[in-house]
Structures are given as structure tokens and as C-alpha cells.
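Listing of protein-v6.txt; format and content: compact mmCIF, N, CA and C atoms.
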```txt
# COMPACT_ATOMS: atom_id res chain seq x y z
N MET A 10 -13.34 7.33 1.26
CA MET A 10 -13.55 7.87 2.60
C MET A 10 -14.99 8.35 2.72
N LYS A 11 -15.54 8.16 3.90
CA LYS A 11 -16.92 8.58 4.17
C LYS A 11 -16.97 9.31 5.50
N LEU A 12 -17.93 10.21 5.60
CA LEU A 12 -18.23 10.88 6.87
C LEU A 12 -19.57 10.36 7.34
N ILE A 13 -19.56 9.71 8.49
CA ILE A 13 -20.79 9.19 9.08
C ILE A 13 -21.24 10.17 10.14
N VAL A 14 -22.47 10.64 10.02
CA VAL A 14 -23.08 11.54 11.01
C VAL A 14 -24.23 10.78 11.63
N ALA A 15 -24.16 10.59 12.93
CA ALA A 15 -25.21 9.85 13.64
C ALA A 15 -25.81 10.73 14.71
N ILE A 16 -27.12 10.76 14.78
CA ILE A 16 -27.85 11.47 15.82
C ILE A 16 -28.41 10.39 16.75
N ILE A 17 -28.01 10.42 18.02
CA ILE A 17 -28.41 9.36 18.95
C ILE A 17 -28.91 9.95 20.27
N ARG A 18 -29.54 9.10 21.07
CA ARG A 18 -29.93 9.49 22.42
C ARG A 18 -28.67 9.66 23.27
N PRO A 19 -28.62 10.69 24.13
CA PRO A 19 -27.43 10.92 24.95
C PRO A 19 -27.04 9.73 25.82
N GLU A 20 -28.00 9.02 26.34
CA GLU A 20 -27.70 7.91 27.25
C GLU A 20 -27.10 6.71 26.52
N LYS A 21 -27.08 6.72 25.20
CA LYS A 21 -26.54 5.62 24.42
C LYS A 21 -25.09 5.83 23.99
N LEU A 22 -24.49 6.96 24.34
CA LEU A 22 -23.14 7.28 23.87
C LEU A 22 -22.11 6.23 24.27
N GLU A 23 -22.08 5.84 25.53
CA GLU A 23 -21.08 4.87 25.98
C GLU A 23 -21.23 3.53 25.26
N ASP A 24 -22.48 3.10 25.06
CA ASP A 24 -22.72 1.84 24.35
C ASP A 24 -22.22 1.93 22.90
N VAL A 25 -22.47 3.07 22.26
CA VAL A 25 -22.04 3.26 20.88
C VAL A 25 -20.52 3.31 20.80
N GLN A 26 -19.89 4.03 21.71
CA GLN A 26 -18.42 4.10 21.71
C GLN A 26 -17.81 2.71 21.89
N ARG A 27 -18.37 1.93 22.79
CA ARG A 27 -17.87 0.58 23.04
C ARG A 27 -18.03 -0.29 21.79
N ALA A 28 -19.19 -0.21 21.15
CA ALA A 28 -19.44 -1.02 19.95
C ALA A 28 -18.52 -0.61 18.80
N LEU A 29 -18.26 0.69 18.66
CA LEU A 29 -17.35 1.15 17.61
C LEU A 29 -15.92 0.70 17.90
N ALA A 30 -15.51 0.79 19.15
CA ALA A 30 -14.14 0.39 19.53
C ALA A 30 -13.92 -1.10 19.24
N GLU A 31 -14.94 -1.92 19.41
CA GLU A 31 -14.83 -3.35 19.11
C GLU A 31 -14.58 -3.59 17.62
N ARG A 32 -14.92 -2.60 16.79
CA ARG A 32 -14.71 -2.71 15.34
C ARG A 32 -13.57 -1.81 14.87
N ASP A 33 -12.70 -1.42 15.80
CA ASP A 33 -11.52 -0.60 15.51
C ASP A 33 -11.84 0.78 14.95
N VAL A 34 -12.95 1.36 15.38
CA VAL A 34 -13.29 2.73 15.01
C VAL A 34 -13.24 3.55 16.29
N TYR A 35 -12.27 4.46 16.37
CA TYR A 35 -12.05 5.21 17.61
C TYR A 35 -12.21 6.72 17.44
N LEU A 36 -11.99 7.24 16.25
CA LEU A 36 -11.97 8.68 16.04
C LEU A 36 -13.37 9.21 15.80
N MET A 37 -13.78 10.16 16.63
CA MET A 37 -15.10 10.76 16.45
C MET A 37 -15.16 12.11 17.14
N THR A 38 -16.08 12.93 16.69
CA THR A 38 -16.39 14.19 17.33
C THR A 38 -17.82 14.09 17.83
N VAL A 39 -18.06 14.52 19.06
CA VAL A 39 -19.39 14.43 19.67
C VAL A 39 -19.85 15.84 20.02
N SER A 40 -21.07 16.17 19.61
CA SER A 40 -21.65 17.49 19.90
C SER A 40 -23.02 17.33 20.54
N ASP A 41 -23.33 18.21 21.49
CA ASP A 41 -24.69 18.27 22.03
C ASP A 41 -25.55 19.03 21.03
N VAL A 42 -26.65 18.44 20.64
CA VAL A 42 -27.57 19.09 19.70
C VAL A 42 -29.00 18.93 20.21
N ARG A 43 -29.91 19.64 19.59
CA ARG A 43 -31.33 19.51 19.89
C ARG A 43 -32.06 19.42 18.57
N GLY A 44 -33.08 18.59 18.54
CA GLY A 44 -33.81 18.44 17.29
C GLY A 44 -35.17 17.82 17.49
N CYS A 45 -35.89 17.73 16.39
CA CYS A 45 -37.20 17.10 16.45
C CYS A 45 -37.39 16.26 15.20
N GLY A 46 -38.17 15.25 15.34
CA GLY A 46 -38.48 14.34 14.24
C GLY A 46 -39.84 13.74 14.53
N ARG A 47 -39.97 12.46 14.32
CA ARG A 47 -41.25 11.79 14.58
C ARG A 47 -41.62 11.79 16.05
N GLN A 48 -40.62 11.96 16.89
CA GLN A 48 -40.87 11.98 18.34
C GLN A 48 -41.75 13.17 18.72
N ARG A 49 -41.62 14.26 18.00
CA ARG A 49 -42.44 15.47 18.14
C ARG A 49 -42.44 16.09 19.52
N GLY A 50 -41.47 15.82 20.32
CA GLY A 50 -41.37 16.45 21.63
C GLY A 50 -42.22 15.78 22.69
N TYR A 51 -42.35 16.48 23.81
CA TYR A 51 -43.13 15.95 24.92
C TYR A 51 -43.64 17.12 25.75
N THR A 52 -44.59 16.82 26.63
CA THR A 52 -45.17 17.85 27.50
C THR A 52 -44.82 17.51 28.94
N GLU A 53 -44.41 18.52 29.69
CA GLU A 53 -44.12 18.32 31.11
C GLU A 53 -44.68 19.50 31.89
N VAL A 54 -44.79 19.32 33.19
CA VAL A 54 -45.30 20.37 34.06
C VAL A 54 -44.11 21.03 34.76
N TYR A 55 -44.00 22.35 34.60
CA TYR A 55 -42.92 23.10 35.21
C TYR A 55 -43.53 24.25 36.01
N ARG A 56 -43.34 24.19 37.33
CA ARG A 56 -43.90 25.20 38.25
C ARG A 56 -45.40 25.39 38.04
N GLY A 57 -46.08 24.29 37.88
CA GLY A 57 -47.53 24.31 37.78
C GLY A 57 -48.06 24.60 36.39
N ALA A 58 -47.22 24.91 35.44
CA ALA A 58 -47.67 25.21 34.08
C ALA A 58 -47.21 24.09 33.15
N GLU A 59 -48.09 23.76 32.20
CA GLU A 59 -47.74 22.76 31.21
C GLU A 59 -46.82 23.38 30.16
N VAL A 60 -45.69 22.72 29.91
CA VAL A 60 -44.72 23.22 28.94
C VAL A 60 -44.50 22.14 27.89
N THR A 61 -44.56 22.53 26.62
CA THR A 61 -44.29 21.59 25.54
C THR A 61 -42.86 21.78 25.07
N VAL A 62 -42.10 20.71 25.13
CA VAL A 62 -40.71 20.73 24.69
C VAL A 62 -40.67 20.08 23.31
N ARG A 63 -40.39 20.85 22.29
CA ARG A 63 -40.40 20.34 20.93
C ARG A 63 -39.00 19.91 20.44
N LEU A 64 -37.96 20.55 20.95
CA LEU A 64 -36.60 20.19 20.55
C LEU A 64 -36.00 19.30 21.62
N ILE A 65 -35.74 18.06 21.26
CA ILE A 65 -35.27 17.04 22.18
C ILE A 65 -33.74 17.04 22.19
N PRO A 66 -33.12 16.96 23.38
CA PRO A 66 -31.65 16.86 23.43
C PRO A 66 -31.16 15.54 22.82
N LYS A 67 -30.19 15.63 21.95
CA LYS A 67 -29.57 14.47 21.30
C LYS A 67 -28.07 14.69 21.25
N LEU A 68 -27.35 13.68 20.81
CA LEU A 68 -25.92 13.81 20.55
C LEU A 68 -25.68 13.57 19.07
N LYS A 69 -24.77 14.35 18.52
CA LYS A 69 -24.39 14.21 17.11
C LYS A 69 -22.96 13.68 17.07
N LEU A 70 -22.78 12.52 16.45
CA LEU A 70 -21.46 11.93 16.29
C LEU A 70 -21.03 12.14 14.84
N GLU A 71 -19.81 12.61 14.67
CA GLU A 71 -19.23 12.74 13.33
C GLU A 71 -18.01 11.84 13.30
N ILE A 72 -18.04 10.88 12.38
CA ILE A 72 -17.01 9.85 12.34
C ILE A 72 -16.51 9.74 10.90
N ALA A 73 -15.22 10.01 10.71
CA ALA A 73 -14.60 9.85 9.39
C ALA A 73 -13.98 8.47 9.34
N VAL A 74 -14.35 7.70 8.32
CA VAL A 74 -13.82 6.34 8.20
C VAL A 74 -13.41 6.06 6.76
N ASN A 75 -12.47 5.14 6.63
CA ASN A 75 -12.11 4.64 5.30
C ASN A 75 -13.14 3.62 4.87
N GLU A 76 -13.23 3.41 3.57
CA GLU A 76 -14.27 2.57 2.98
C GLU A 76 -14.48 1.22 3.65
N PRO A 77 -13.42 0.48 4.02
CA PRO A 77 -13.65 -0.85 4.62
C PRO A 77 -14.37 -0.81 5.97
N PHE A 78 -14.41 0.34 6.62
CA PHE A 78 -14.99 0.44 7.95
C PHE A 78 -16.43 0.98 7.97
N VAL A 79 -16.95 1.37 6.82
CA VAL A 79 -18.26 2.03 6.77
C VAL A 79 -19.37 1.12 7.29
N GLU A 80 -19.52 -0.06 6.73
CA GLU A 80 -20.62 -0.95 7.13
C GLU A 80 -20.47 -1.40 8.58
N ALA A 81 -19.25 -1.69 9.00
CA ALA A 81 -19.02 -2.11 10.38
C ALA A 81 -19.41 -0.99 11.35
N ALA A 82 -19.09 0.25 11.02
CA ALA A 82 -19.43 1.38 11.88
C ALA A 82 -20.95 1.57 11.95
N ILE A 83 -21.60 1.47 10.81
CA ILE A 83 -23.07 1.62 10.78
C ILE A 83 -23.73 0.52 11.61
N GLU A 84 -23.31 -0.71 11.44
CA GLU A 84 -23.88 -1.82 12.20
C GLU A 84 -23.65 -1.64 13.70
N ALA A 85 -22.47 -1.14 14.07
CA ALA A 85 -22.16 -0.91 15.48
C ALA A 85 -23.08 0.15 16.07
N ILE A 86 -23.28 1.23 15.35
CA ILE A 86 -24.12 2.32 15.84
C ILE A 86 -25.57 1.85 15.97
N VAL A 87 -26.08 1.21 14.93
CA VAL A 87 -27.47 0.73 14.96
C VAL A 87 -27.68 -0.24 16.12
N GLY A 88 -26.78 -1.18 16.28
CA GLY A 88 -26.92 -2.17 17.35
C GLY A 88 -26.85 -1.57 18.73
N ALA A 89 -25.98 -0.60 18.93
CA ALA A 89 -25.79 -0.03 20.27
C ALA A 89 -26.76 1.09 20.59
N ALA A 90 -27.24 1.81 19.58
CA ALA A 90 -28.12 2.97 19.84
C ALA A 90 -29.60 2.60 19.90
N ARG A 91 -29.95 1.43 19.41
CA ARG A 91 -31.36 1.01 19.40
C ARG A 91 -31.81 0.69 20.83
N THR A 92 -33.01 1.15 21.19
CA THR A 92 -33.56 0.84 22.50
C THR A 92 -34.51 -0.35 22.37
N GLY A 93 -34.43 -1.25 23.31
CA GLY A 93 -35.29 -2.43 23.28
C GLY A 93 -34.92 -3.36 22.14
N ASP A 94 -35.74 -4.36 21.91
CA ASP A 94 -35.47 -5.34 20.87
C ASP A 94 -35.72 -4.80 19.47
N THR A 95 -36.76 -3.97 19.34
CA THR A 95 -37.12 -3.47 18.02
C THR A 95 -36.89 -1.98 17.87
N GLY A 96 -36.43 -1.31 18.91
CA GLY A 96 -36.22 0.13 18.84
C GLY A 96 -37.50 0.89 19.10
N THR A 97 -37.35 2.19 19.35
CA THR A 97 -38.51 3.06 19.57
C THR A 97 -38.29 4.37 18.82
N VAL A 98 -39.38 5.10 18.64
CA VAL A 98 -39.30 6.40 17.99
C VAL A 98 -38.34 7.28 18.79
N GLY A 99 -37.43 7.95 18.09
CA GLY A 99 -36.48 8.83 18.76
C GLY A 99 -35.11 8.22 18.99
N ASP A 100 -34.89 6.98 18.50
CA ASP A 100 -33.58 6.35 18.66
C ASP A 100 -32.51 7.05 17.85
N GLY A 101 -32.87 7.71 16.75
CA GLY A 101 -31.91 8.49 15.99
C GLY A 101 -31.85 8.14 14.53
N LYS A 102 -30.85 8.73 13.87
CA LYS A 102 -30.64 8.54 12.43
C LYS A 102 -29.15 8.48 12.16
N ILE A 103 -28.80 7.87 11.03
CA ILE A 103 -27.42 7.84 10.56
C ILE A 103 -27.42 8.36 9.12
N PHE A 104 -26.50 9.27 8.84
CA PHE A 104 -26.32 9.81 7.50
C PHE A 104 -24.89 9.51 7.07
N VAL A 105 -24.71 9.12 5.82
CA VAL A 105 -23.37 8.81 5.30
C VAL A 105 -23.11 9.71 4.10
N PHE A 106 -22.00 10.45 4.18
CA PHE A 106 -21.63 11.40 3.13
C PHE A 106 -20.28 11.01 2.52
N PRO A 107 -20.11 11.22 1.23
CA PRO A 107 -18.79 11.03 0.65
C PRO A 107 -17.86 12.13 1.18
N MET A 108 -16.59 11.80 1.34
CA MET A 108 -15.63 12.77 1.85
C MET A 108 -14.49 12.86 0.85
N ASP A 109 -14.27 14.04 0.30
CA ASP A 109 -13.27 14.22 -0.75
C ASP A 109 -11.84 14.14 -0.23
N ASP A 110 -11.59 14.72 0.92
CA ASP A 110 -10.22 14.77 1.40
C ASP A 110 -10.22 14.94 2.91
N ALA A 111 -9.11 14.58 3.51
CA ALA A 111 -8.87 14.81 4.93
C ALA A 111 -7.39 15.15 5.09
N VAL A 112 -7.07 16.02 6.02
CA VAL A 112 -5.69 16.42 6.25
C VAL A 112 -5.41 16.35 7.74
N ARG A 113 -4.36 15.62 8.11
CA ARG A 113 -3.92 15.59 9.49
C ARG A 113 -2.99 16.79 9.67
N ILE A 114 -3.41 17.72 10.49
CA ILE A 114 -2.68 18.98 10.65
C ILE A 114 -1.26 18.75 11.15
N ARG A 115 -1.08 17.86 12.11
CA ARG A 115 0.24 17.64 12.71
C ARG A 115 1.29 17.22 11.69
N THR A 116 0.93 16.29 10.79
CA THR A 116 1.92 15.73 9.87
C THR A 116 1.75 16.16 8.42
N GLY A 117 0.58 16.70 8.10
CA GLY A 117 0.30 17.06 6.72
C GLY A 117 -0.18 15.90 5.87
N GLU A 118 -0.35 14.72 6.47
CA GLU A 118 -0.84 13.55 5.74
C GLU A 118 -2.22 13.88 5.16
N ARG A 119 -2.48 13.32 3.98
CA ARG A 119 -3.77 13.58 3.32
C ARG A 119 -4.45 12.27 2.96
N GLY A 120 -5.75 12.39 2.76
CA GLY A 120 -6.53 11.25 2.29
C GLY A 120 -6.73 10.18 3.33
N THR A 121 -6.73 8.94 2.88
CA THR A 121 -7.05 7.81 3.76
C THR A 121 -6.05 7.65 4.90
N THR A 122 -4.80 8.02 4.70
CA THR A 122 -3.81 7.88 5.78
C THR A 122 -4.04 8.90 6.89
N ALA A 123 -4.73 9.99 6.58
CA ALA A 123 -4.99 11.03 7.59
C ALA A 123 -6.03 10.60 8.61
N ILE A 124 -6.88 9.63 8.23
CA ILE A 124 -7.94 9.23 9.17
C ILE A 124 -7.75 7.84 9.73
N GLY A 125 -6.67 7.19 9.42
CA GLY A 125 -6.40 5.90 10.04
C GLY A 125 -6.07 4.80 9.07
N PRO A 126 -6.21 3.58 9.58
CA PRO A 126 -5.79 2.41 8.76
C PRO A 126 -6.62 2.23 7.51
```

Please rewrite the model in this file as C-alpha cells.
Amino acid sequence: MKLIVAIIRPEKLEDVQRALAERDVYLMTVSDVRGCGRQRGYTEVYRGAEVTVRLIPKLKLEIAVNEPFVEAAIEAIVGAARTGDTGTVGDGKIFVFPMDDAVRIRTGERGTTAIGP
């Protein structure tokens, strides 16, 4: 079992959900987050004053998958979250963590059966 954490642009959520669903990955948690990376923020004018925004709004997806679905989920996220043909700075990151256990509260199922097929 693995936990996939993906940081993506908010406008790419529907595309990513669609791409994951095509690969039979449906379970995820989505959180609004803010962060900075190579994008380093941007400058805008607000009420006549220049304001530098360093923390960019992003979405954080947390997806628990069984081993056979890891590569398919990563490929789906990369393909759907990338902007343009080659991508641009700020498209996001994907982190993959080992997951020791999972428990479905309703039934008490543990391990791989708790997160799906």
C-alpha cells in the first residue's frame, strides 16, 4: 500500500479526477493549501499598492492505493495536471510514501481490503 500526495493547481482538479477515475482510482481527500516553490510567487497591484504574494494557492490530494495502482495513478496525475505540452513552473509535485496499515472504520477491515481492490 502507498499514500500518494499530490500538490496541483486548483484549476486542474477536475481533469485529475477524471484521469484517475479512468484508471479505477476514486478514493481521495482534497485540501486547500498554500505554498511556494520555484514559482516564487507573483506581484500584483491592490488598491494602488504593489503586493507580493509568495504563498500560491494549490490543492493537496491524498490518495491511498494498493501496489498495482501506484504507477497508473502517478501517470494519470502527471498527464492531467501538466499545463501545456511540456508543463510550466508551478504545475506541482507528487510524493509517494509507504503506508503500513489502513482501517475502514465502518467494517473494521484492515490493510489492502480497507482501501479497495

TODO: Using only N, CA and C atoms, pick whichever of A:Gly50, A:Ala90, A:Ala81, A:Glu71 has the shortest atom-to-atom distance to Arg32 of chain A.
DONE: A:Ala81

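If you measure from each of A:Cys45, A:Ile114, A:Ile13, A:Ile124 to Ile83 of chain A using all atoms listed in the file, the closest one turns out to be A:Ile13.
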
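Proximity of A:Val42, A:Glu23, A:Ala89, A:Ala123 to Ala111 of chain A, computed with all atoms listed in the file, is greatest for A:Ala123.
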
Open item on the list: List the spatial neighbours of Met37 of chain A as number ranges by chain - criterion: any atom at most 6.5 Å away, all atoms listed in the file, same-chain residues fewer than 3 positions off excluded.
Closed with: A: 70-73

Open item on the list: I want to know what sits within 7 Å of Lys102 of chain A, based on only C-alpha atoms, with residues of the same chain fewer than 3 positions away left out; could you give that as a count of residues only?
Closed with: 3

Open item on the list: Calculated over only N, CA and C atoms, which of the candidates A:Arg43, A:Arg63, A:Ala85, A:Arg115 has the smallest distance to Arg27 of chain A?
Closed with: A:Ala85

Task: Coordinates-based distance that separates atom CA of Asp24 of chain A from atom CA of Val62 of chain A (Å, one decimal) - done: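 So the two atoms, atom CA of Val62 of chain A and atom CA of Asp24 of chain A, lie 26.1 Å apart.
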